[in-house]
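Peer 1: Provided below: my_file-v1.cif, containing mmCIF, C-alpha atoms.
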data_run
loop_
_atom_site.group_PDB
_atom_site.id
_atom_site.type_symbol
_atom_site.label_atom_id
_atom_site.label_comp_id
_atom_site.auth_asym_id
_atom_site.auth_seq_id
_atom_site.Cartn_x
_atom_site.Cartn_y
_atom_site.Cartn_z
ATOM 1 C CA MET A 19 266.009 164.845 107.755
ATOM 2 C CA LEU A 20 266.920 166.086 111.219
ATOM 3 C CA THR A 21 265.926 163.349 113.640
ATOM 4 C CA GLN A 22 267.648 164.506 116.812
ATOM 5 C CA THR A 23 268.536 167.632 118.723
ATOM 6 C CA THR A 24 270.828 169.980 116.851
ATOM 7 C CA SER A 25 271.463 173.642 116.185
ATOM 8 C CA ARG A 26 272.421 175.346 112.929
ATOM 9 C CA VAL A 27 272.399 178.675 111.129
ATOM 10 C CA LEU A 28 269.058 179.070 109.379
ATOM 11 C CA GLU A 29 268.818 179.769 105.661
ATOM 12 C CA PRO A 30 266.218 181.615 103.551
ATOM 13 C CA GLY A 31 264.352 178.349 102.948
ATOM 14 C CA ASP A 32 263.698 178.083 106.693
ATOM 15 C CA LEU A 33 261.641 181.297 106.745
ATOM 16 C CA ASP A 34 258.194 179.779 107.268
ATOM 17 C CA ALA A 35 259.395 177.568 110.120
ATOM 18 C CA ALA A 36 261.156 180.517 111.769
ATOM 19 C CA LEU A 37 258.064 182.727 111.485
ATOM 20 C CA ALA A 38 255.981 179.961 113.080
ATOM 21 C CA VAL A 39 258.278 180.027 116.126
ATOM 22 C CA LEU A 40 258.226 183.840 116.274
ATOM 23 C CA ASP A 41 254.411 183.875 116.057
ATOM 24 C CA ARG A 42 254.146 181.835 119.276
ATOM 25 C CA GLU A 43 254.954 184.959 121.310
ATOM 26 C CA PRO A 44 254.050 187.908 119.041
ATOM 27 C CA VAL A 45 254.508 190.628 121.682
ATOM 28 C CA ALA A 46 257.820 189.483 123.156
ATOM 29 C CA ASN A 47 259.207 188.670 119.703
ATOM 30 C CA ALA A 48 258.033 191.826 117.909
ATOM 31 C CA PHE A 49 261.542 193.251 117.440
ATOM 32 C CA VAL A 50 262.981 190.180 115.723
ATOM 33 C CA THR A 51 259.756 189.360 113.871
ATOM 34 C CA SER A 52 259.681 192.829 112.324
ATOM 35 C CA ARG A 53 263.242 192.392 111.072
ATOM 36 C CA VAL A 54 262.595 188.928 109.655
ATOM 37 C CA GLN A 55 259.373 189.958 107.906
ATOM 38 C CA VAL A 56 261.261 192.713 106.073
ATOM 39 C CA ALA A 57 264.623 191.039 105.474
ATOM 40 C CA GLY A 58 263.982 187.291 105.558
ATOM 41 C CA LEU A 59 266.793 185.093 106.863
ATOM 42 C CA ASP A 60 269.610 186.144 104.561
ATOM 43 C CA PRO A 61 272.313 187.278 107.039
ATOM 44 C CA TRP A 62 273.408 190.223 104.917
ATOM 45 C CA ARG A 63 269.896 191.683 104.706
ATOM 46 C CA LEU A 64 268.936 190.665 108.252
ATOM 47 C CA GLY A 65 272.008 192.236 109.800
ATOM 48 C CA GLY A 66 273.009 189.009 111.525
ATOM 49 C CA GLU A 67 272.513 185.270 111.612
ATOM 50 C CA MET A 68 269.447 183.428 112.855
ATOM 51 C CA TRP A 69 270.348 180.311 114.796
ATOM 52 C CA GLY A 70 267.828 177.502 115.076
ATOM 53 C CA TRP A 71 267.447 174.724 117.637
ATOM 54 C CA TYR A 72 265.736 171.498 116.572
ATOM 55 C CA GLU A 73 264.035 168.889 118.765
ATOM 56 C CA ASP A 74 263.141 165.645 116.992
ATOM 57 C CA GLY A 75 263.499 167.370 113.644
ATOM 58 C CA MET A 76 261.221 170.289 114.575
ATOM 59 C CA LEU A 77 262.456 173.871 114.828
ATOM 60 C CA THR A 78 261.514 174.908 118.380
ATOM 61 C CA SER A 79 263.831 177.790 119.390
ATOM 62 C CA LEU A 80 265.703 180.650 117.729
ATOM 63 C CA CYS A 81 268.483 183.065 118.538
ATOM 64 C CA TYR A 82 269.101 186.251 116.576
ATOM 65 C CA ALA A 83 272.830 187.009 116.463
ATOM 66 C CA GLY A 84 273.418 190.517 115.152
ATOM 67 C CA ALA A 85 274.094 193.816 116.897
ATOM 68 C CA ASN A 86 272.061 192.243 119.692
ATOM 69 C CA LEU A 87 272.008 188.602 120.776
ATOM 70 C CA VAL A 88 268.331 187.708 121.287
ATOM 71 C CA PRO A 89 267.082 184.291 122.486
ATOM 72 C CA ILE A 90 263.599 183.484 121.175
ATOM 73 C CA CYS A 91 261.283 180.848 122.678
ATOM 74 C CA ALA A 92 264.523 179.320 123.948
ATOM 75 C CA THR A 93 264.317 176.158 126.047
ATOM 76 C CA PRO A 94 267.119 175.352 128.515
ATOM 77 C CA ARG A 95 268.712 172.926 126.041
ATOM 78 C CA ALA A 96 268.467 175.501 123.267
ATOM 79 C CA VAL A 97 270.087 178.129 125.504
ATOM 80 C CA ARG A 98 273.059 175.827 126.094
ATOM 81 C CA ALA A 99 273.433 175.214 122.362
ATOM 82 C CA PHE A 100 273.202 178.939 121.587
ATOM 83 C CA ALA A 101 275.740 179.739 124.313
ATOM 84 C CA ASP A 102 278.170 177.188 122.837
ATOM 85 C CA ARG A 103 277.796 178.698 119.370
ATOM 86 C CA ALA A 104 278.152 182.269 120.684
ATOM 87 C CA ARG A 105 281.237 181.373 122.703
ATOM 88 C CA ARG A 106 282.910 179.762 119.701
ATOM 89 C CA ALA A 107 282.090 182.740 117.457
ATOM 90 C CA GLY A 108 283.280 185.324 119.983
ATOM 91 C CA ARG A 109 281.336 188.379 121.057
ATOM 92 C CA ARG A 110 280.184 190.508 118.135
ATOM 93 C CA CYS A 111 277.114 192.051 119.771
ATOM 94 C CA SER A 112 276.749 195.204 121.859
ATOM 95 C CA SER A 113 274.079 193.640 124.066
ATOM 96 C CA ILE A 114 272.191 190.489 124.965
ATOM 97 C CA VAL A 115 268.490 191.214 125.301
ATOM 98 C CA GLY A 116 265.325 189.167 125.483
ATOM 99 C CA PRO A 117 262.879 187.431 127.799
ATOM 100 C CA ALA A 118 264.414 187.552 131.272
ATOM 101 C CA GLU A 119 264.599 183.835 132.070
ATOM 102 C CA ALA A 120 266.291 182.721 128.852
ATOM 103 C CA THR A 121 268.548 185.787 128.744
ATOM 104 C CA ALA A 122 269.688 185.213 132.325
ATOM 105 C CA ALA A 123 270.493 181.577 131.551
ATOM 106 C CA LEU A 124 272.387 182.572 128.406
ATOM 107 C CA TRP A 125 274.405 185.185 130.298
ATOM 108 C CA ARG A 126 275.306 182.734 133.088
ATOM 109 C CA LEU A 127 276.921 180.523 130.452
ATOM 110 C CA LEU A 128 278.618 183.367 128.548
ATOM 111 C CA GLU A 129 279.763 185.595 131.413
ATOM 112 C CA PRO A 130 282.920 183.557 132.182
ATOM 113 C CA HIS A 131 283.993 184.104 128.555
ATOM 114 C CA TRP A 132 282.459 187.474 127.638
ATOM 115 C CA GLY A 133 282.324 189.233 130.995
ATOM 116 C CA PRO A 134 282.347 191.510 132.674
ATOM 117 C CA ALA A 135 279.390 193.412 131.243
ATOM 118 C CA ARG A 136 279.253 197.189 131.405
ATOM 119 C CA GLU A 137 275.771 196.897 132.933
ATOM 120 C CA VAL A 138 273.178 194.202 133.598
ATOM 121 C CA ARG A 139 269.506 195.169 133.780
ATOM 122 C CA ALA A 140 268.046 191.972 135.130
ATOM 123 C CA HIS A 141 264.355 192.934 135.276
ATOM 124 C CA GLN A 142 262.717 195.177 132.689
ATOM 125 C CA PRO A 143 258.924 194.871 132.842
ATOM 126 C CA LEU A 144 257.274 194.134 129.485
ATOM 127 C CA MET A 145 254.021 196.090 129.290
ATOM 128 C CA VAL A 146 251.150 196.023 126.798
ATOM 129 C CA THR A 147 247.825 197.646 126.003
ATOM 130 C CA ASP A 148 245.246 197.269 123.259
ATOM 131 C CA ARG A 149 243.099 200.346 123.936
ATOM 132 C CA MET A 150 243.208 204.062 124.548
ATOM 133 C CA PRO A 151 243.051 205.329 128.138
ATOM 134 C CA ALA A 152 239.663 206.612 129.281
ATOM 135 C CA ASP A 153 240.997 209.503 131.352
ATOM 136 C CA ILE A 154 244.170 210.761 129.576
ATOM 137 C CA ALA A 155 243.582 213.022 126.577
ATOM 138 C CA PRO A 156 246.227 212.693 123.842
ATOM 139 C CA ASP A 157 248.520 215.716 123.529
ATOM 140 C CA PRO A 158 247.268 217.524 120.384
ATOM 141 C CA TYR A 159 250.756 218.933 119.764
ATOM 142 C CA VAL A 160 252.420 215.518 119.412
ATOM 143 C CA ARG A 161 252.691 214.722 115.701
ATOM 144 C CA ARG A 162 254.678 212.730 113.200
ATOM 145 C CA VAL A 163 258.190 214.054 112.598
ATOM 146 C CA ARG A 164 258.573 215.225 109.006
ATOM 147 C CA LYS A 165 261.368 214.045 106.727
ATOM 148 C CA ASP A 166 262.847 217.554 106.611
ATOM 149 C CA GLU A 167 263.148 217.653 110.424
ATOM 150 C CA MET A 168 266.114 215.318 110.918
ATOM 151 C CA GLU A 169 268.223 218.156 112.332
ATOM 152 C CA THR A 170 265.417 218.902 114.796
ATOM 153 C CA ILE A 171 264.900 215.352 116.066
ATOM 154 C CA MET A 172 268.486 214.040 116.080
ATOM 155 C CA PRO A 173 269.750 215.937 119.164
ATOM 156 C CA ALA A 174 266.790 214.632 121.182
ATOM 157 C CA CYS A 175 267.402 211.076 119.956
ATOM 158 C CA VAL A 176 271.092 211.277 120.865
ATOM 159 C CA ALA A 177 270.262 212.707 124.304
ATOM 160 C CA MET A 178 267.699 209.948 124.963
ATOM 161 C CA PHE A 179 270.051 207.162 123.849
ATOM 162 C CA THR A 180 272.975 208.491 125.883
ATOM 163 C CA GLU A 181 270.821 208.885 128.987
ATOM 164 C CA GLU A 182 269.255 205.447 128.585
ATOM 165 C CA VAL A 183 272.212 203.327 127.497
ATOM 166 C CA GLY A 184 275.074 205.213 129.116
ATOM 167 C CA VAL A 185 277.142 205.710 125.956
ATOM 168 C CA SER A 186 276.661 208.023 122.986
ATOM 169 C CA PRO A 187 275.293 206.504 119.747
ATOM 170 C CA LEU A 188 277.742 208.792 117.932
ATOM 171 C CA ALA A 189 280.754 206.818 119.204
ATOM 172 C CA GLY A 190 282.534 204.426 116.856
ATOM 173 C CA ASP A 191 281.237 205.231 113.379
ATOM 174 C CA GLY A 192 280.393 208.865 114.116
ATOM 175 C CA GLY A 193 276.723 207.997 114.400
ATOM 176 C CA LEU A 194 276.162 206.861 110.814
ATOM 177 C CA LEU A 195 274.248 203.705 111.736
ATOM 178 C CA TYR A 196 272.225 205.472 114.407
ATOM 179 C CA GLN A 197 271.352 208.365 112.110
ATOM 180 C CA ALA A 198 270.272 205.895 109.432
ATOM 181 C CA ARG A 199 267.979 204.148 111.926
ATOM 182 C CA VAL A 200 266.436 207.452 113.033
ATOM 183 C CA ALA A 201 265.950 208.424 109.379
ATOM 184 C CA GLU A 202 264.293 205.069 108.693
ATOM 185 C CA LEU A 203 261.778 205.630 111.509
ATOM 186 C CA VAL A 204 261.100 209.215 110.403
ATOM 187 C CA GLY A 205 260.710 208.111 106.791
ATOM 188 C CA SER A 206 258.241 205.367 107.692
ATOM 189 C CA GLY A 207 256.104 207.740 109.778
ATOM 190 C CA ARG A 208 256.947 206.073 113.093
ATOM 191 C CA SER A 209 258.777 208.968 114.805
ATOM 192 C CA PHE A 210 256.678 211.348 116.909
ATOM 193 C CA ALA A 211 257.453 214.576 118.753
ATOM 194 C CA ARG A 212 256.144 217.754 120.320
ATOM 195 C CA VAL A 213 258.212 220.749 119.251
ATOM 196 C CA ASP A 214 258.112 224.087 121.115
ATOM 197 C CA ASP A 215 257.996 227.576 119.622
ATOM 198 C CA GLN A 216 261.805 227.702 119.442
ATOM 199 C CA GLY A 217 261.956 224.520 117.392
ATOM 200 C CA ARG A 218 263.190 222.353 120.269
ATOM 201 C CA VAL A 219 261.853 218.869 120.905
ATOM 202 C CA VAL A 220 260.161 218.708 124.308
ATOM 203 C CA PHE A 221 258.717 215.152 124.009
ATOM 204 C CA LYS A 222 259.476 212.331 121.612
ATOM 205 C CA ALA A 223 258.901 208.625 121.089
ATOM 206 C CA GLU A 224 259.097 206.140 118.244
ATOM 207 C CA ILE A 225 257.232 203.037 117.184
ATOM 208 C CA GLY A 226 260.280 200.840 116.682
ATOM 209 C CA ALA A 227 259.355 197.263 115.910
ATOM 210 C CA ALA A 228 256.092 196.750 114.006
ATOM 211 C CA THR A 229 254.344 193.572 112.872
ATOM 212 C CA PRO A 230 250.703 192.908 111.930
ATOM 213 C CA HIS A 231 250.143 191.528 115.457
ATOM 214 C CA ALA A 232 252.042 193.935 117.715
ATOM 215 C CA CYS A 233 254.268 196.984 117.768
ATOM 216 C CA GLN A 234 256.707 198.373 120.308
ATOM 217 C CA ILE A 235 257.073 201.970 121.490
ATOM 218 C CA GLN A 236 260.664 202.982 122.234
ATOM 219 C CA GLY A 237 262.823 206.035 122.830
ATOM 220 C CA VAL A 238 260.347 207.845 125.087
ATOM 221 C CA TRP A 239 261.977 211.099 126.226
ATOM 222 C CA VAL A 240 261.015 214.411 127.777
ATOM 223 C CA ALA A 241 263.487 217.305 127.607
ATOM 224 C CA PRO A 242 264.996 217.792 131.102
ATOM 225 C CA GLU A 243 263.714 221.349 131.481
ATOM 226 C CA TYR A 244 260.147 220.156 130.765
ATOM 227 C CA ARG A 245 260.097 217.206 133.177
ATOM 228 C CA GLY A 246 257.552 217.301 135.966
ATOM 229 C CA ARG A 247 255.072 219.294 133.878
ATOM 230 C CA GLY A 248 252.788 216.402 132.993
ATOM 231 C CA LEU A 249 253.813 216.063 129.338
ATOM 232 C CA ALA A 250 254.691 212.360 129.343
ATOM 233 C CA ALA A 251 251.267 210.759 129.817
ATOM 234 C CA PRO A 252 249.406 212.870 127.200
ATOM 235 C CA GLY A 253 252.382 212.452 124.868
ATOM 236 C CA MET A 254 252.296 208.681 125.272
ATOM 237 C CA ALA A 255 248.530 208.683 124.732
ATOM 238 C CA ALA A 256 249.069 210.545 121.455
ATOM 239 C CA VAL A 257 251.671 208.033 120.236
ATOM 240 C CA LEU A 258 249.438 205.175 121.387
ATOM 241 C CA ARG A 259 246.564 206.561 119.328
ATOM 242 C CA TYR A 260 248.731 206.588 116.188
ATOM 243 C CA ALA A 261 250.009 203.074 116.955
ATOM 244 C CA LEU A 262 246.577 201.512 117.441
ATOM 245 C CA ALA A 263 245.053 203.323 114.461
ATOM 246 C CA ASP A 264 247.839 202.825 111.937
ATOM 247 C CA VAL A 265 250.204 200.044 112.992
ATOM 248 C CA ALA A 266 248.992 197.129 115.142
ATOM 249 C CA PRO A 267 246.166 196.030 117.488
ATOM 250 C CA VAL A 268 248.514 195.532 120.457
ATOM 251 C CA VAL A 269 251.145 198.022 121.629
ATOM 252 C CA SER A 270 254.038 197.064 123.888
ATOM 253 C CA LEU A 271 257.113 198.529 125.506
ATOM 254 C CA TYR A 272 259.665 197.517 128.089
ATOM 255 C CA VAL A 273 261.062 199.724 130.811
ATOM 256 C CA ASN A 274 263.789 199.614 133.448
ATOM 257 C CA ASP A 275 262.364 198.480 136.774
ATOM 258 C CA PHE A 276 264.189 201.323 138.550
ATOM 259 C CA ASN A 277 262.462 203.966 136.393
ATOM 260 C CA THR A 278 259.487 204.393 138.709
ATOM 261 C CA ALA A 279 258.295 207.635 137.092
ATOM 262 C CA ALA A 280 258.105 206.032 133.646
ATOM 263 C CA ARG A 281 256.373 202.911 134.966
ATOM 264 C CA ARG A 282 253.807 205.084 136.732
ATOM 265 C CA THR A 283 253.198 207.065 133.517
ATOM 266 C CA TYR A 284 252.753 203.922 131.424
ATOM 267 C CA ARG A 285 250.271 202.481 133.924
ATOM 268 C CA ARG A 286 248.299 205.741 133.827
ATOM 269 C CA VAL A 287 248.047 205.419 130.043
ATOM 270 C CA GLY A 288 246.739 201.857 130.422
ATOM 271 C CA PHE A 289 249.783 199.630 129.991
ATOM 272 C CA HIS A 290 249.998 196.546 132.213
ATOM 273 C CA GLU A 291 252.823 194.085 132.817
ATOM 274 C CA VAL A 292 252.772 190.737 130.999
ATOM 275 C CA GLY A 293 256.372 189.585 131.518
ATOM 276 C CA ALA A 294 259.924 190.836 131.806
ATOM 277 C CA PHE A 295 262.960 191.386 129.621
ATOM 278 C CA MET A 296 266.601 191.433 130.620
ATOM 279 C CA SER A 297 269.451 193.375 129.005
ATOM 280 C CA VAL A 298 273.205 192.814 129.271
ATOM 281 C CA LEU A 299 275.099 195.849 127.958
ATOM 282 C CA PHE A 300 278.748 195.733 126.825
#
Is it possible to express this structure as structure tokens?
Peer 2:
Amino acid sequence: MLTQTTSRVLEPGDLDAALAVLDREPVANAFVTSRVQVAGLDPWRLGGEMWGWYEDGMLTSLCYAGANLVPICATPRAVRAFADRARRAGRRCSSIVGPAEATAALWRLLEPHWGPAREVRAHQPLMVTDRMPADIAPDPYVRRVRKDEMETIMPACVAMFTEEVGVSPLAGDGGLLYQARVAELVGSGRSFARVDDQGRVVFKAEIGAATPHACQIQGVWVAPEYRGRGLAAPGMAAVLRYALADVAPVVSLYVNDFNTAARRTYRRVGFHEVGAFMSVLF
């Protein structure tokens, strides 16, 4: 029986307790919740460890430690414990990302050991909606990407990732992991695009994380030569319609605060801010 504060790596038998913590903030935690609901807490299947923080024997905070380091419902004491564990283990992640306050506190403790970061995005508004916009008609040409269209969608995905993150997803392993992730989204019907007459993607987006309570739109991209033509808002409305009809009752996304055009588009489609994320990129 755990009767005091402590942290440890969670095991498959801790699944129900972990899900109870994740369910406290279903929108903010959608990414990790979706992974845990599919893979459980076995590190091999989950793609990383789940660290737990206990107060008086109760699991109160989590931290996902995989390709990303993600604090979840993390109190200040939990953040310190997670920082200690991360520092001892050494940096294995390509980013730290999560709710802004806890992520900022975690980075303050890790920066002397893991820094400098390649980039810190300190304020990324978290936006949600649960309804279709009244005045933006969905683009009728935006549709699900078919499984035989991987060669069509991949260049757009690589361009979006490189533009957004600042490095190519093809670096390192030649893009094997990234291509597998894109294929997973296409295969599950959560990749959407508008393709022009020449077979080029002009708009795309994916529903990345998905749980029964909330899902998260990601990878929104308009081909450079089509920007400024008003494709983004109808395209987003089309993806939103699929998301609300087929995936979850609440749809979220987070966006860089400096991307004023994207924020304006999302507000037009009906998204409103409910919090903020922070990302530290290595």
Peer 1: Determine the nearest neighbour of Gly75 in chain A from the options A:Leu40, A:Ala35, A:Cys111, A:Val54, counting all atoms listed in the file.
Peer 2: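 Nearest candidate to Gly75 in chain A out of A:Leu40, A:Ala35, A:Cys111, A:Val54: A:Ala35.
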Peer 1: For a test of reading the model, state the distance in Å between CA of Glu137 in chain A and CA of Tyr244 in chain A, rounded to one decimal.
Peer 2: 28.1 Å
Peer 1: Given all atoms listed in the file, how would the per-residue table for range 46-154 of chain A near range 297-300 of chain A read, listing every residue at most 8 Å away with its closest atom pair and distance in Å to one decimal, sorted by chain and number, as a Markdown table?
Peer 2:
| residue | atom | partner | partner_atom | distance |
| --- | --- | --- | --- | --- |
| A:Ser112 | CA | A:Phe300 | CA | 5.4 |
| A:Ser113 | CA | A:Leu299 | CA | 4.6 |
| A:Ile114 | CA | A:Val298 | CA | 5.0 |
| A:Val115 | CA | A:Ser297 | CA | 4.4 |
| A:Gly116 | CA | A:Ser297 | CA | 6.9 |
| A:Thr121 | CA | A:Ser297 | CA | 7.6 |
| A:Trp125 | CA | A:Val298 | CA | 7.8 |
| A:Ala135 | CA | A:Phe300 | CA | 5.0 |
| A:Arg136 | CA | A:Phe300 | CA | 4.8 |
| A:Glu137 | CA | A:Leu299 | CA | 5.1 |
| A:Val138 | CA | A:Val298 | CA | 4.5 |
| A:Arg139 | CA | A:Ser297 | CA | 5.1 |
| A:Ala140 | CA | A:Ser297 | CA | 6.4 |
| A:Gln142 | CA | A:Ser297 | CA | 7.9 |
Peer 1: Rounded to one decimal in Å, what is the spacing between CA of Asp34 in chain A and CA of Asn47 in chain A?
Peer 2: 15.3 Å
Peer 1: Give the answer as one residue: which of A:Val273, A:Ala99, A:Leu127, A:Ile235 has the shortest atom-to-atom distance to Ala48 in chain A, using only C-alpha atoms?
Peer 2: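 Of the candidates, the smallest distance to Ala48 in chain A is held by A:Ile235.
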Peer 1: Quick one: residues within 8 Å of Pro44 in chain A, all atoms listed in the file counted, chain neighbours fewer than 6 positions away excluded, as number ranges by chain?
Peer 2: A: 51, 231-232
Peer 1: Between A:Ala155, A:Val160, A:Ala177, A:Cys233, which is the closest to Asp214 in chain A once you count only C-alpha atoms?
Peer 2: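 Checking each candidate against Asp214 in chain A, we get A:Val160 as the closest.
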Peer 1: Excluding Met254 in chain A and its own-chain neighbours fewer than 2 positions away, which residues fall within 8 Å of it when counting only C-alpha atoms? Please give them as a ChimeraX atom specification.
Peer 2: /A:156,223,250-252,256-258,284,287
Peer 1: How would the residues just picked look written out with C-alpha atoms as a short mmCIF file (atom, residue, chain, number, x, y, z; two decimals), keeping the file's coordinate frame?
Peer 2:
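Contents of the output file again-v2.cif:
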data_model
loop_
_atom_site.label_atom_id
_atom_site.label_comp_id
_atom_site.auth_asym_id
_atom_site.auth_seq_id
_atom_site.Cartn_x
_atom_site.Cartn_y
_atom_site.Cartn_z
CA PRO A 156 246.23 212.69 123.84
CA ALA A 223 258.90 208.62 121.09
CA ALA A 250 254.69 212.36 129.34
CA ALA A 251 251.27 210.76 129.82
CA PRO A 252 249.41 212.87 127.20
CA ALA A 256 249.07 210.54 121.46
CA VAL A 257 251.67 208.03 120.24
CA LEU A 258 249.44 205.18 121.39
CA TYR A 284 252.75 203.92 131.42
CA VAL A 287 248.05 205.42 130.04
#
Peer 1: Apply the PyMOL selection byres ((chain A and resi 202-206) around 9) to the structure shown and report the selected residues as a compact mmCIF listing (two decimals) with C-alpha atoms, in the coordinates of the input.
Peer 2:
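Result written to expr21.txt:
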# COMPACT_ATOMS: atom_id res chain seq x y z
CA ARG A 162 254.68 212.73 113.20
CA VAL A 163 258.19 214.05 112.60
CA ARG A 164 258.57 215.22 109.01
CA LYS A 165 261.37 214.04 106.73
CA GLU A 167 263.15 217.65 110.42
CA MET A 168 266.11 215.32 110.92
CA GLN A 197 271.35 208.36 112.11
CA ALA A 198 270.27 205.90 109.43
CA ARG A 199 267.98 204.15 111.93
CA VAL A 200 266.44 207.45 113.03
CA ALA A 201 265.95 208.42 109.38
CA GLY A 207 256.10 207.74 109.78
CA ARG A 208 256.95 206.07 113.09
CA SER A 209 258.78 208.97 114.80
CA PHE A 210 256.68 211.35 116.91
CA GLU A 224 259.10 206.14 118.24
CA ILE A 225 257.23 203.04 117.18
CA GLY A 226 260.28 200.84 116.68
Peer 1: Go ahead and compute the interatomic distance for CA of Val45 in chain A and CA of Ser270 in chain A, in Å to one decimal.
Peer 2: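 Computing it gives 6.8 Å between the two atoms.
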Peer 1: Give me the residues within 10 Å of Asp32 in chain A as an mmCIF file with C-alpha atoms, in the frame of the given file, counting all atoms listed in the file and dropping any in the same chain fewer than 5 places off.
Peer 2:
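Writing the result to result27.cif gives the following:
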data_model
loop_
_atom_site.group_PDB
_atom_site.id
_atom_site.type_symbol
_atom_site.label_atom_id
_atom_site.label_comp_id
_atom_site.auth_asym_id
_atom_site.auth_seq_id
_atom_site.Cartn_x
_atom_site.Cartn_y
_atom_site.Cartn_z
ATOM 1 C CA VAL A 27 272.399 178.675 111.129
ATOM 2 C CA LEU A 37 258.064 182.727 111.485
ATOM 3 C CA GLY A 58 263.982 187.291 105.558
ATOM 4 C CA LEU A 59 266.793 185.093 106.863
ATOM 5 C CA MET A 68 269.447 183.428 112.855
ATOM 6 C CA GLY A 70 267.828 177.502 115.076
ATOM 7 C CA LEU A 77 262.456 173.871 114.828
#
Peer 1: The centre and edge lengths of an axis-aligned box containing all atoms of range 140-149 of chain A present in the file, extended by 6 Å on each side, are to be given in Å to one decimal, as lines of an AutoDock Vina configuration file.
Peer 2:
center_x = 255.6
center_y = 196.2
center_z = 129.3
size_x = 36.9
size_y = 20.4
size_z = 24.0
Peer 1: With distances taken over only C-alpha atoms, which of A:Ala255, A:Ala120, A:Met178, A:Leu194 is nearest to Val238 in chain A?
Peer 2: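 Answer, going by the shortest atom-to-atom distance: A:Met178.
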Peer 1: Can you spell out as a ChimeraX atom specification the set of residues that the PyMOL selection byres ((chain A and resi 143-151) around 9) selects in the structure I just provided?
Peer 2: /A:45-46,117,141-142,152-155,234,255,258-259,262,266-275,281,284-296
Peer 1: Step by step, work through what the PyMOL selection byres ((chain A and resi 23) around 7) selects in the shown file, and finish by giving those residues as a ChimeraX atom specification.
Peer 2: /A:22,24,72-74
